[in-house]
$ cat work.pdb   # PDB, C-alpha atoms
MODEL        1
ATOM      1  CA  MET A   1     -56.402  32.621 166.924
ATOM      2  CA  SER A   2     -55.367  33.195 170.544
ATOM      3  CA  LYS A   3     -58.147  33.219 173.131
ATOM      4  CA  MET A   4     -58.036  36.075 175.648
ATOM      5  CA  SER A   5     -59.079  35.468 179.259
ATOM      6  CA  PRO A   6     -62.125  37.603 180.288
ATOM      7  CA  ALA A   7     -60.122  38.966 183.254
ATOM      8  CA  LYS A   8     -57.666  40.504 180.790
ATOM      9  CA  TYR A   9     -60.390  42.925 179.670
ATOM     10  CA  VAL A  10     -60.350  44.398 183.188
ATOM     11  CA  TRP A  11     -56.785  43.943 184.448
ATOM     12  CA  THR A  12     -53.645  43.517 182.395
ATOM     13  CA  ASP A  13     -49.894  44.043 182.956
ATOM     14  CA  GLY A  14     -50.354  45.259 186.552
ATOM     15  CA  ARG A  15     -52.920  47.959 185.687
ATOM     16  CA  PHE A  16     -56.504  48.274 184.488
ATOM     17  CA  ALA A  17     -57.217  47.682 180.827
ATOM     18  CA  TRP A  18     -57.884  51.015 179.127
ATOM     19  CA  PRO A  19     -61.071  49.815 177.364
ATOM     20  CA  PHE A  20     -62.502  48.927 180.785
ATOM     21  CA  VAL A  21     -61.655  52.358 182.276
ATOM     22  CA  VAL A  22     -62.993  54.223 179.248
ATOM     23  CA  THR A  23     -66.212  52.153 179.180
ATOM     24  CA  VAL A  24     -66.914  52.811 182.893
ATOM     25  CA  ALA A  25     -66.271  56.561 182.416
ATOM     26  CA  TYR A  26     -68.470  56.515 179.309
ATOM     27  CA  PHE A  27     -71.399  54.968 181.192
ATOM     28  CA  ALA A  28     -71.013  57.427 184.079
ATOM     29  CA  ALA A  29     -70.994  60.328 181.616
ATOM     30  CA  ALA A  30     -74.033  58.871 179.820
ATOM     31  CA  VAL A  31     -76.019  58.653 183.076
ATOM     32  CA  PHE A  32     -74.992  62.208 184.038
ATOM     33  CA  LEU A  33     -75.857  63.679 180.627
ATOM     34  CA  PHE A  34     -79.188  61.858 180.428
ATOM     35  CA  ASP A  35     -80.199  63.204 183.852
ATOM     36  CA  LEU A  36     -79.108  66.716 182.829
ATOM     37  CA  ALA A  37     -81.008  66.506 179.520
ATOM     38  CA  TRP A  38     -84.134  65.311 181.331
ATOM     39  CA  ARG A  39     -84.015  68.325 183.669
ATOM     40  CA  VAL A  40     -83.092  70.984 181.124
ATOM     41  CA  MET A  41     -84.931  69.999 177.939
ATOM     42  CA  LYS A  42     -88.398  69.402 179.473
ATOM     43  CA  MET A  43     -89.207  66.836 176.758
ATOM     44  CA  PRO A  44     -91.787  64.076 177.244
ATOM     45  CA  ILE A  45     -89.868  61.161 178.759
ATOM     46  CA  ASP A  46     -90.711  58.748 175.902
ATOM     47  CA  GLU A  47     -89.365  61.148 173.265
ATOM     48  CA  LEU A  48     -86.276  61.824 175.344
ATOM     49  CA  LEU A  49     -85.680  58.080 175.816
ATOM     50  CA  MET A  50     -85.929  57.461 172.068
ATOM     51  CA  ALA A  51     -83.531  60.291 171.232
ATOM     52  CA  ALA A  52     -81.148  59.231 174.019
ATOM     53  CA  SER A  53     -81.204  55.597 172.828
ATOM     54  CA  VAL A  54     -80.171  56.642 169.313
ATOM     55  CA  VAL A  55     -77.369  58.887 170.609
ATOM     56  CA  PHE A  56     -76.215  56.167 173.017
ATOM     57  CA  ALA A  57     -76.224  53.438 170.317
ATOM     58  CA  VAL A  58     -74.282  55.558 167.830
ATOM     59  CA  SER A  59     -71.731  56.799 170.358
ATOM     60  CA  PHE A  60     -71.261  53.333 171.887
ATOM     61  CA  ALA A  61     -70.719  51.823 168.421
ATOM     62  CA  GLY A  62     -68.137  54.568 167.791
ATOM     63  CA  LEU A  63     -66.434  53.696 171.070
ATOM     64  CA  LEU A  64     -66.247  49.983 170.177
ATOM     65  CA  LEU A  65     -64.872  50.863 166.754
ATOM     66  CA  ALA A  66     -62.217  53.063 168.373
ATOM     67  CA  PHE A  67     -61.209  50.185 170.693
ATOM     68  CA  ARG A  68     -60.925  47.843 167.677
ATOM     69  CA  MET A  69     -58.791  50.275 165.687
ATOM     70  CA  PHE A  70     -56.606  50.974 168.725
ATOM     71  CA  SER A  71     -56.036  47.268 169.412
ATOM     72  CA  ARG A  72     -55.197  46.603 165.728
ATOM     73  CA  GLY A  73     -52.720  49.476 165.771
ATOM     74  CA  ALA A  74     -51.123  48.150 168.980
ATOM     75  CA  LYS A  75     -50.826  44.622 167.490
ATOM     76  CA  ARG A  76     -49.216  46.003 164.320
ATOM     77  CA  GLU A  77     -46.667  47.934 166.376
ATOM     78  CA  GLY A  78     -45.953  44.847 168.505
ATOM     79  CA  SER A  79     -45.338  42.486 165.493
TER
ATOM     80  CA  MET B   1     -44.574  54.250 184.229
ATOM     81  CA  ARG B   2     -47.052  51.567 185.304
ATOM     82  CA  ILE B   3     -47.816  53.174 188.705
ATOM     83  CA  PRO B   4     -48.703  56.702 187.411
ATOM     84  CA  ILE B   5     -50.978  55.088 184.817
ATOM     85  CA  LEU B   6     -52.626  52.996 187.512
ATOM     86  CA  ILE B   7     -53.153  56.089 189.678
ATOM     87  CA  LEU B   8     -54.719  57.900 186.720
ATOM     88  CA  GLN B   9     -56.990  54.933 186.028
ATOM     89  CA  VAL B  10     -58.083  54.652 189.659
ATOM     90  CA  ALA B  11     -58.842  58.399 189.677
ATOM     91  CA  ILE B  12     -61.004  58.067 186.545
ATOM     92  CA  LEU B  13     -62.848  55.054 187.963
ATOM     93  CA  ALA B  14     -63.358  56.742 191.346
ATOM     94  CA  ALA B  15     -64.709  59.893 189.670
ATOM     95  CA  SER B  16     -67.086  57.803 187.557
ATOM     96  CA  VAL B  17     -68.382  55.915 190.602
ATOM     97  CA  ALA B  18     -68.761  59.223 192.522
ATOM     98  CA  VAL B  19     -70.795  60.766 189.679
ATOM     99  CA  VAL B  20     -73.181  57.800 189.495
ATOM    100  CA  THR B  21     -73.463  57.446 193.285
ATOM    101  CA  CYS B  22     -74.319  61.158 193.727
ATOM    102  CA  GLN B  23     -76.842  60.830 190.928
ATOM    103  CA  VAL B  24     -78.619  57.914 192.607
ATOM    104  CA  TRP B  25     -78.305  59.380 196.107
ATOM    105  CA  SER B  26     -79.769  62.771 195.136
ATOM    106  CA  PHE B  27     -82.578  61.476 192.914
ATOM    107  CA  PRO B  28     -85.212  62.841 192.236
ATOM    108  CA  TYR B  29     -83.298  66.066 192.922
ATOM    109  CA  PRO B  30     -80.263  66.929 190.801
ATOM    110  CA  SER B  31     -76.839  65.740 191.869
ATOM    111  CA  PRO B  32     -74.367  68.390 193.121
ATOM    112  CA  PHE B  33     -72.297  67.784 189.972
ATOM    113  CA  ALA B  34     -75.225  68.978 187.828
ATOM    114  CA  HIS B  35     -75.830  72.192 189.823
ATOM    115  CA  PRO B  36     -73.515  74.460 187.767
ATOM    116  CA  PHE B  37     -75.420  73.558 184.583
ATOM    117  CA  LEU B  38     -78.914  74.279 185.917
ATOM    118  CA  THR B  39     -80.911  77.442 186.547
ATOM    119  CA  PRO B  40     -81.761  78.110 190.242
ATOM    120  CA  LYS B  41     -85.310  76.871 189.709
ATOM    121  CA  GLU B  42     -84.053  73.583 188.255
ATOM    122  CA  ARG B  43     -81.245  73.363 190.809
ATOM    123  CA  TRP B  44     -83.570  73.562 193.829
ATOM    124  CA  PRO B  45     -87.093  72.452 192.880
ATOM    125  CA  GLU B  46     -89.973  73.742 194.989
ATOM    126  CA  ASP B  47     -90.576  70.331 196.624
ATOM    127  CA  GLN B  48     -86.982  70.235 197.830
ATOM    128  CA  ILE B  49     -87.227  73.742 199.321
ATOM    129  CA  LYS B  50     -90.517  72.837 201.054
ATOM    130  CA  GLY B  51     -88.740  69.821 202.529
ATOM    131  CA  TRP B  52     -86.024  72.103 203.915
ATOM    132  CA  VAL B  53     -88.648  74.424 205.371
ATOM    133  CA  GLU B  54     -90.321  71.506 207.155
ATOM    134  CA  SER B  55     -87.058  70.075 208.466
ATOM    135  CA  GLY B  56     -85.475  73.476 209.152
ATOM    136  CA  VAL B  57     -82.255  72.333 207.486
ATOM    137  CA  PHE B  58     -81.319  74.267 204.359
ATOM    138  CA  GLU B  59     -78.612  73.650 201.804
ATOM    139  CA  PRO B  60     -75.963  76.376 202.389
ATOM    140  CA  ALA B  61     -75.666  77.067 198.646
ATOM    141  CA  PHE B  62     -79.397  77.814 198.460
ATOM    142  CA  VAL B  63     -79.224  80.100 201.509
ATOM    143  CA  GLN B  64     -76.338  81.996 199.911
ATOM    144  CA  TYR B  65     -78.305  82.337 196.674
ATOM    145  CA  PHE B  66     -81.453  83.362 198.574
ATOM    146  CA  GLN B  67     -79.648  86.142 200.445
ATOM    147  CA  ARG B  68     -78.379  87.903 197.317
ATOM    148  CA  ASP B  69     -78.920  91.649 197.262
ATOM    149  CA  PRO B  70     -78.185  93.139 193.841
ATOM    150  CA  GLU B  71     -77.900  96.882 193.240
ATOM    151  CA  ARG B  72     -80.783  98.526 191.387
ATOM    152  CA  THR B  73     -80.997 101.570 189.116
ATOM    153  CA  ILE B  74     -83.718 103.783 190.543
ATOM    154  CA  PRO B  75     -85.650 105.635 187.806
ATOM    155  CA  PRO B  76     -85.841 109.421 188.147
ATOM    156  CA  GLY B  77     -89.113 111.361 188.174
ATOM    157  CA  ASN B  78     -92.236 111.653 190.260
ATOM    158  CA  ASN B  79     -93.365 108.047 190.344
ATOM    159  CA  LEU B  80     -93.770 104.947 192.500
ATOM    160  CA  VAL B  81     -91.473 101.967 192.074
ATOM    161  CA  ALA B  82     -92.135  98.303 192.875
ATOM    162  CA  PRO B  83     -91.381  97.431 196.508
ATOM    163  CA  ALA B  84     -90.237  93.862 195.781
ATOM    164  CA  ASP B  85     -89.256  91.451 193.027
ATOM    165  CA  GLY B  86     -92.071  89.162 191.997
ATOM    166  CA  VAL B  87     -95.391  88.956 190.202
ATOM    167  CA  VAL B  88     -98.303  91.370 190.701
ATOM    168  CA  LYS B  89    -100.870  89.150 192.407
ATOM    169  CA  GLY B  90    -103.626  91.687 192.743
ATOM    170  CA  ILE B  91    -104.674  95.321 192.866
ATOM    171  CA  VAL B  92    -107.535  95.627 195.316
ATOM    172  CA  GLU B  93    -109.581  98.794 195.580
ATOM    173  CA  THR B  94    -111.570  99.852 198.610
ATOM    174  CA  PRO B  95    -113.167 103.273 199.142
ATOM    175  CA  GLU B  96    -110.358 104.202 201.547
ATOM    176  CA  LYS B  97    -107.310 102.535 200.010
ATOM    177  CA  LYS B  98    -105.755 100.707 197.102
ATOM    178  CA  TYR B  99    -103.733  97.585 197.834
ATOM    179  CA  TYR B 100    -100.966  96.667 195.417
ATOM    180  CA  ILE B 101     -99.896  93.081 196.045
ATOM    181  CA  VAL B 102     -96.600  91.580 194.893
ATOM    182  CA  GLY B 103     -96.103  87.829 195.352
ATOM    183  CA  LEU B 104     -92.537  86.570 195.811
ATOM    184  CA  SER B 105     -91.376  83.086 194.901
ATOM    185  CA  PHE B 106     -88.436  81.150 196.358
ATOM    186  CA  TRP B 107     -86.278  82.346 193.484
ATOM    187  CA  ASP B 108     -86.914  86.089 193.788
ATOM    188  CA  VAL B 109     -84.656  88.586 195.572
ATOM    189  CA  HIS B 110     -86.234  89.062 199.010
ATOM    190  CA  VAL B 111     -85.025  92.609 199.696
ATOM    191  CA  VAL B 112     -87.886  95.072 200.145
ATOM    192  CA  ARG B 113     -87.528  98.670 198.945
ATOM    193  CA  THR B 114     -89.540 101.846 199.424
ATOM    194  CA  PRO B 115     -91.892 102.776 196.597
ATOM    195  CA  VAL B 116     -91.656 106.501 197.424
ATOM    196  CA  GLU B 117     -89.380 109.063 199.015
ATOM    197  CA  GLY B 118     -90.401 110.250 202.458
ATOM    198  CA  VAL B 119     -90.043 109.889 206.202
ATOM    199  CA  VAL B 120     -90.726 106.656 208.104
ATOM    200  CA  LYS B 121     -93.648 107.445 210.422
ATOM    201  CA  SER B 122     -94.033 104.051 212.047
ATOM    202  CA  VAL B 123     -92.946 100.402 211.957
ATOM    203  CA  ASP B 124     -95.676  98.064 213.213
ATOM    204  CA  GLU B 125     -95.761  94.355 213.758
ATOM    205  CA  GLU B 126     -98.836  92.127 213.656
ATOM    206  CA  GLY B 127     -99.319  88.412 213.947
ATOM    207  CA  GLU B 128    -102.212  86.063 213.302
ATOM    208  CA  VAL B 129    -104.304  88.645 211.447
ATOM    209  CA  VAL B 130    -103.187  90.909 208.681
ATOM    210  CA  PHE B 131    -105.865  93.539 208.704
ATOM    211  CA  ARG B 132    -107.621  94.484 211.898
ATOM    212  CA  ASP B 133    -110.971  94.916 210.213
ATOM    213  CA  LYS B 134    -112.081  91.511 208.915
ATOM    214  CA  SER B 135    -114.111  93.080 206.114
ATOM    215  CA  GLU B 136    -110.885  94.410 204.626
ATOM    216  CA  THR B 137    -109.626  90.900 203.833
ATOM    217  CA  GLU B 138    -112.657  90.045 201.706
ATOM    218  CA  GLY B 139    -111.483  89.429 198.172
ATOM    219  CA  LEU B 140    -107.819  89.283 199.204
ATOM    220  CA  ALA B 141    -107.302  85.664 198.194
ATOM    221  CA  PHE B 142    -103.548  85.857 198.710
ATOM    222  CA  LEU B 143    -104.106  86.204 202.448
ATOM    223  CA  LYS B 144    -106.693  83.468 202.748
ATOM    224  CA  GLU B 145    -104.171  80.986 201.338
ATOM    225  CA  LYS B 146    -101.880  81.551 204.292
ATOM    226  CA  ALA B 147    -102.473  79.489 207.423
ATOM    227  CA  SER B 148    -101.528  82.295 209.766
ATOM    228  CA  PRO B 149    -100.068  85.347 208.122
ATOM    229  CA  VAL B 150     -97.786  87.662 210.025
ATOM    230  CA  GLN B 151     -96.628  91.049 208.903
ATOM    231  CA  LYS B 152     -94.496  94.088 209.555
ATOM    232  CA  THR B 153     -95.742  97.375 208.199
ATOM    233  CA  VAL B 154     -93.610 100.406 207.404
ATOM    234  CA  THR B 155     -95.594 103.625 207.083
ATOM    235  CA  ILE B 156     -93.969 106.318 204.975
ATOM    236  CA  GLN B 157     -95.161 109.904 204.697
ATOM    237  CA  THR B 158     -94.175 111.811 201.577
ATOM    238  CA  ASP B 159     -93.297 115.510 201.511
ATOM    239  CA  ALA B 160     -96.743 116.134 199.993
ATOM    240  CA  GLY B 161     -98.326 114.614 203.123
ATOM    241  CA  GLU B 162     -99.544 111.409 201.464
ATOM    242  CA  GLU B 163     -99.211 108.205 203.443
ATOM    243  CA  TYR B 164     -98.050 104.884 202.006
ATOM    244  CA  LYS B 165     -97.725 101.622 203.879
ATOM    245  CA  VAL B 166     -95.414  98.819 202.832
ATOM    246  CA  ARG B 167     -96.507  95.513 204.329
ATOM    247  CA  LEU B 168     -94.047  92.625 204.515
ATOM    248  CA  ILE B 169     -96.202  89.528 204.861
ATOM    249  CA  THR B 170     -95.284  85.922 205.363
ATOM    250  CA  SER B 171     -96.753  82.735 206.803
ATOM    251  CA  TRP B 172     -96.259  81.604 210.394
ATOM    252  CA  TRP B 173     -93.866  78.777 209.438
ATOM    253  CA  ALA B 174     -91.530  81.205 207.746
ATOM    254  CA  SER B 175     -92.258  84.125 210.023
ATOM    255  CA  ARG B 176     -88.966  85.925 209.836
ATOM    256  CA  LEU B 177     -89.267  89.503 208.677
ATOM    257  CA  LYS B 178     -86.487  92.032 209.092
ATOM    258  CA  VAL B 179     -87.161  95.756 208.856
ATOM    259  CA  SER B 180     -84.089  97.964 208.729
ATOM    260  CA  ALA B 181     -85.961 101.300 208.465
ATOM    261  CA  ARG B 182     -86.236 103.281 211.685
ATOM    262  CA  ILE B 183     -88.952 105.707 212.772
ATOM    263  CA  GLY B 184     -88.055 109.251 211.737
ATOM    264  CA  GLN B 185     -85.548 108.066 209.101
ATOM    265  CA  ARG B 186     -85.685 109.781 205.725
ATOM    266  CA  VAL B 187     -85.769 107.235 202.918
ATOM    267  CA  GLY B 188     -85.247 107.792 199.230
ATOM    268  CA  LYS B 189     -87.301 106.101 196.531
ATOM    269  CA  GLY B 190     -86.055 102.545 196.024
ATOM    270  CA  ASP B 191     -84.052 102.454 199.265
ATOM    271  CA  ARG B 192     -83.799  99.148 201.105
ATOM    272  CA  ILE B 193     -86.142  99.007 204.093
ATOM    273  CA  GLY B 194     -86.147  95.326 204.963
ATOM    274  CA  ARG B 195     -85.981  91.733 203.961
ATOM    275  CA  ILE B 196     -88.376  88.807 203.963
ATOM    276  CA  LEU B 197     -86.632  85.623 205.012
ATOM    277  CA  LEU B 198     -88.667  83.122 202.992
ATOM    278  CA  GLY B 199     -92.089  83.616 201.404
ATOM    279  CA  SER B 200     -94.251  85.575 200.598
ATOM    280  CA  SER B 201     -95.985  88.905 199.767
ATOM    281  CA  VAL B 202     -95.323  92.613 199.847
ATOM    282  CA  VAL B 203     -98.329  94.916 199.775
ATOM    283  CA  ILE B 204     -98.450  98.675 199.287
ATOM    284  CA  ASP B 205    -101.380 100.507 200.839
ATOM    285  CA  ALA B 206    -101.751 103.557 198.622
ATOM    286  CA  PRO B 207    -104.275 106.405 198.490
ATOM    287  CA  PRO B 208    -107.369 105.425 196.405
ATOM    288  CA  SER B 209    -106.502 107.998 193.756
ATOM    289  CA  GLU B 210    -103.395 106.094 192.568
ATOM    290  CA  ALA B 211    -103.629 104.601 189.081
ATOM    291  CA  PHE B 212    -101.239 101.670 188.841
ATOM    292  CA  LEU B 213     -99.544 101.069 185.498
ATOM    293  CA  THR B 214     -98.693  97.408 185.909
ATOM    294  CA  LYS B 215    -101.341  94.706 185.581
ATOM    295  CA  VAL B 216    -102.022  91.539 187.526
ATOM    296  CA  GLY B 217     -99.655  88.771 186.398
ATOM    297  CA  GLU B 218     -96.859  91.134 185.344
ATOM    298  CA  ARG B 219     -93.362  90.666 186.748
ATOM    299  CA  VAL B 220     -91.893  93.648 188.609
ATOM    300  CA  VAL B 221     -88.393  94.452 189.853
ATOM    301  CA  ALA B 222     -87.915  96.160 193.215
ATOM    302  CA  GLY B 223     -86.746  99.758 192.915
ATOM    303  CA  GLU B 224     -86.679  99.646 189.111
ATOM    304  CA  THR B 225     -90.180  98.979 187.738
ATOM    305  CA  ILE B 226     -92.348 102.109 187.710
ATOM    306  CA  ILE B 227     -95.741 100.993 188.986
ATOM    307  CA  CYS B 228     -97.419 104.400 189.132
ATOM    308  CA  GLN B 229     -96.794 107.791 187.494
ATOM    309  CA  LYS B 230     -97.800 110.675 189.689
TER
ENDMDL
END
$ encode --input "work.pdb" --output "structure tokens"
Amino acid sequence: MSKMSPAKYVWTDGRFAWPFVVTVAYFAAAVFLFDLAWRVMKMPIDELLMAASVVFAVSFAGLLLAFRMFSRGAKREGS
Amino acid sequence: MRIPILILQVAILAASVAVVTCQVWSFPYPSPFAHPFLTPKERWPEDQIKGWVESGVFEPAFVQYFQRDPERTIPPGNNLVAPADGVVKGIVETPEKKYYIVGLSFWDVHVVRTPVEGVVKSVDEEGEVVFRDKSETEGLAFLKEKASPVQKTVTIQTDAGEEYKVRLITSWWASRLKVSARIGQRVGKGDRIGRILLGSSVVIDAPPSEAFLTKVGERVVAGETIICQK
């Protein structure tokens, strides 16, 4: 099993690694949407935090799964 | 191929950083990116507007929104229409007059319209006190709340000889009232006669015989809501 350098998760082949770019954009979107939801929905903050945590956990797990599937697909094409 | 991809990636990262930075910078007020998704009241909370009033520096987008002047459909018939957009704050009766008070918020249209058709008899300006006779202000809580109310009063005489006054009232810190009606000008019901630049209240002084249809707390629309059937 080949060990990947942590820097490779950020910068690879003269450009940024796509998982890094997508993760940063995802977090920015999450912050923006949480702020918007807080202003529009007028929910108690504890209830909103609980709901947001569930949505964040599920969507982040989906994102990690997508990265895994994408990297497997890329490896298969490369072999 | 590597360079265009890198440019795209840098653009995505820069946009992400900009979104988060604006969010943090604007907090507790919404970031400019969130403005299109929010109602005016959510977009510019009252505390933020009060801050602008104190500093004298307003956000141009709010000023543009504040100066809107939509067309209105004036109802036909022998009736009185609301002079301003807002909430009916009070209907005060005295033996000589009835005062119909409309309170405007930061989010209401600030164009003032005539409640009746007639001829403009006078346009008066007063500062510091609203009513000359102190006894007249008793029970008018909306005036006591103001540190130093100023007003412009447009007096309109109808063809039947009745006299109505439309008072544009604001506080000293926002004391900018514009009256476009001129003495001797004939005005139709619902015509524009002025504008309150920030604040506050519009009051109709009507004859004591008027029976107003709208109740305290109801929302009225200038030139459209019938407030009295004659």
$ resolve_selection --input "work.pdb" --expression "the ChimeraX specification (/A :<10) & /B" --output "JSON, numbers by chain"
{"B": [2, 3, 4, 5, 6, 7, 8, 9, 10, 11, 12, 13, 14, 15, 16, 17, 18, 19, 20, 21, 22, 23, 24, 27, 28, 29, 30, 31, 33, 34, 35, 37, 38, 39, 42, 43]}
$ residues_around --input "work.pdb" --residues "Val63 (chain B)" --least-positions-apart "5" --cutoff "12 Å" --atoms "all atoms listed in the file" --output "ChimeraX atom specification"
/B:40,44,49,52-53,56-58,68,106-107,109-110,197-198
$ atom_distance --input "work.pdb" --atom1 "CA of Pro83 (chain B)" --atom2 "CA of Lys152 (chain B)"
13.8 Å
$ resolve_selection --input "work.pdb" --expression "the PyMOL selection byres ((chain B and resi 118) around 7)" --output "MDAnalysis selection string"
chainID B and resid 116:117 119:120 156:159 186:188
$ atom_distance --input "work.pdb" --atom1 "CA of Val179 (chain B)" --atom2 "CA of Pro95 (chain B)"
28.8 Å
$ residues_around --input "work.pdb" --residues "region 96-101 of chain B" --least-positions-apart "2" --cutoff "6 Å" --atoms "only C-alpha atoms" --output "CSV table (one decimal) with C-alpha atoms, in the frame of the given file"
chain,number,residue,atom,x,y,z
B,88,VAL,CA,-98.3,91.4,190.7
B,89,LYS,CA,-100.9,89.2,192.4
B,90,GLY,CA,-103.6,91.7,192.7
B,91,ILE,CA,-104.7,95.3,192.9
B,92,VAL,CA,-107.5,95.6,195.3
B,93,GLU,CA,-109.6,98.8,195.6
B,94,THR,CA,-111.6,99.9,198.6
B,202,VAL,CA,-95.3,92.6,199.8
B,203,VAL,CA,-98.3,94.9,199.8
B,204,ILE,CA,-98.4,98.7,199.3
B,205,ASP,CA,-101.4,100.5,200.8
B,206,ALA,CA,-101.8,103.6,198.6
B,207,PRO,CA,-104.3,106.4,198.5
B,208,PRO,CA,-107.4,105.4,196.4
$ residues_around --input "work.pdb" --residues "Ser201 (chain B)" --least-positions-apart "4" --cutoff "9 Å" --atoms "all atoms listed in the file" --output "list in words"
Ala84, Gly86, Lys89, Ile101, Val102, Gly103, Leu104, Ser105, Phe142, Leu143, Arg167, Leu168, Ile169, Thr170 and Ile196 of chain B
$ axis_aligned_box --input "work.pdb" --around "region 72-81 of chain B" --padding-each-side "6 Å" --output "JSON"
{"center_x": -87.3, "center_y": 105.1, "center_z": 190.2, "size_x": 25.0, "size_y": 25.1, "size_z": 16.7}
$ atom_distance --input "work.pdb" --atom1 "CA of Glu210 (chain B)" --atom2 "CA of Lys230 (chain B)"
7.8 Å
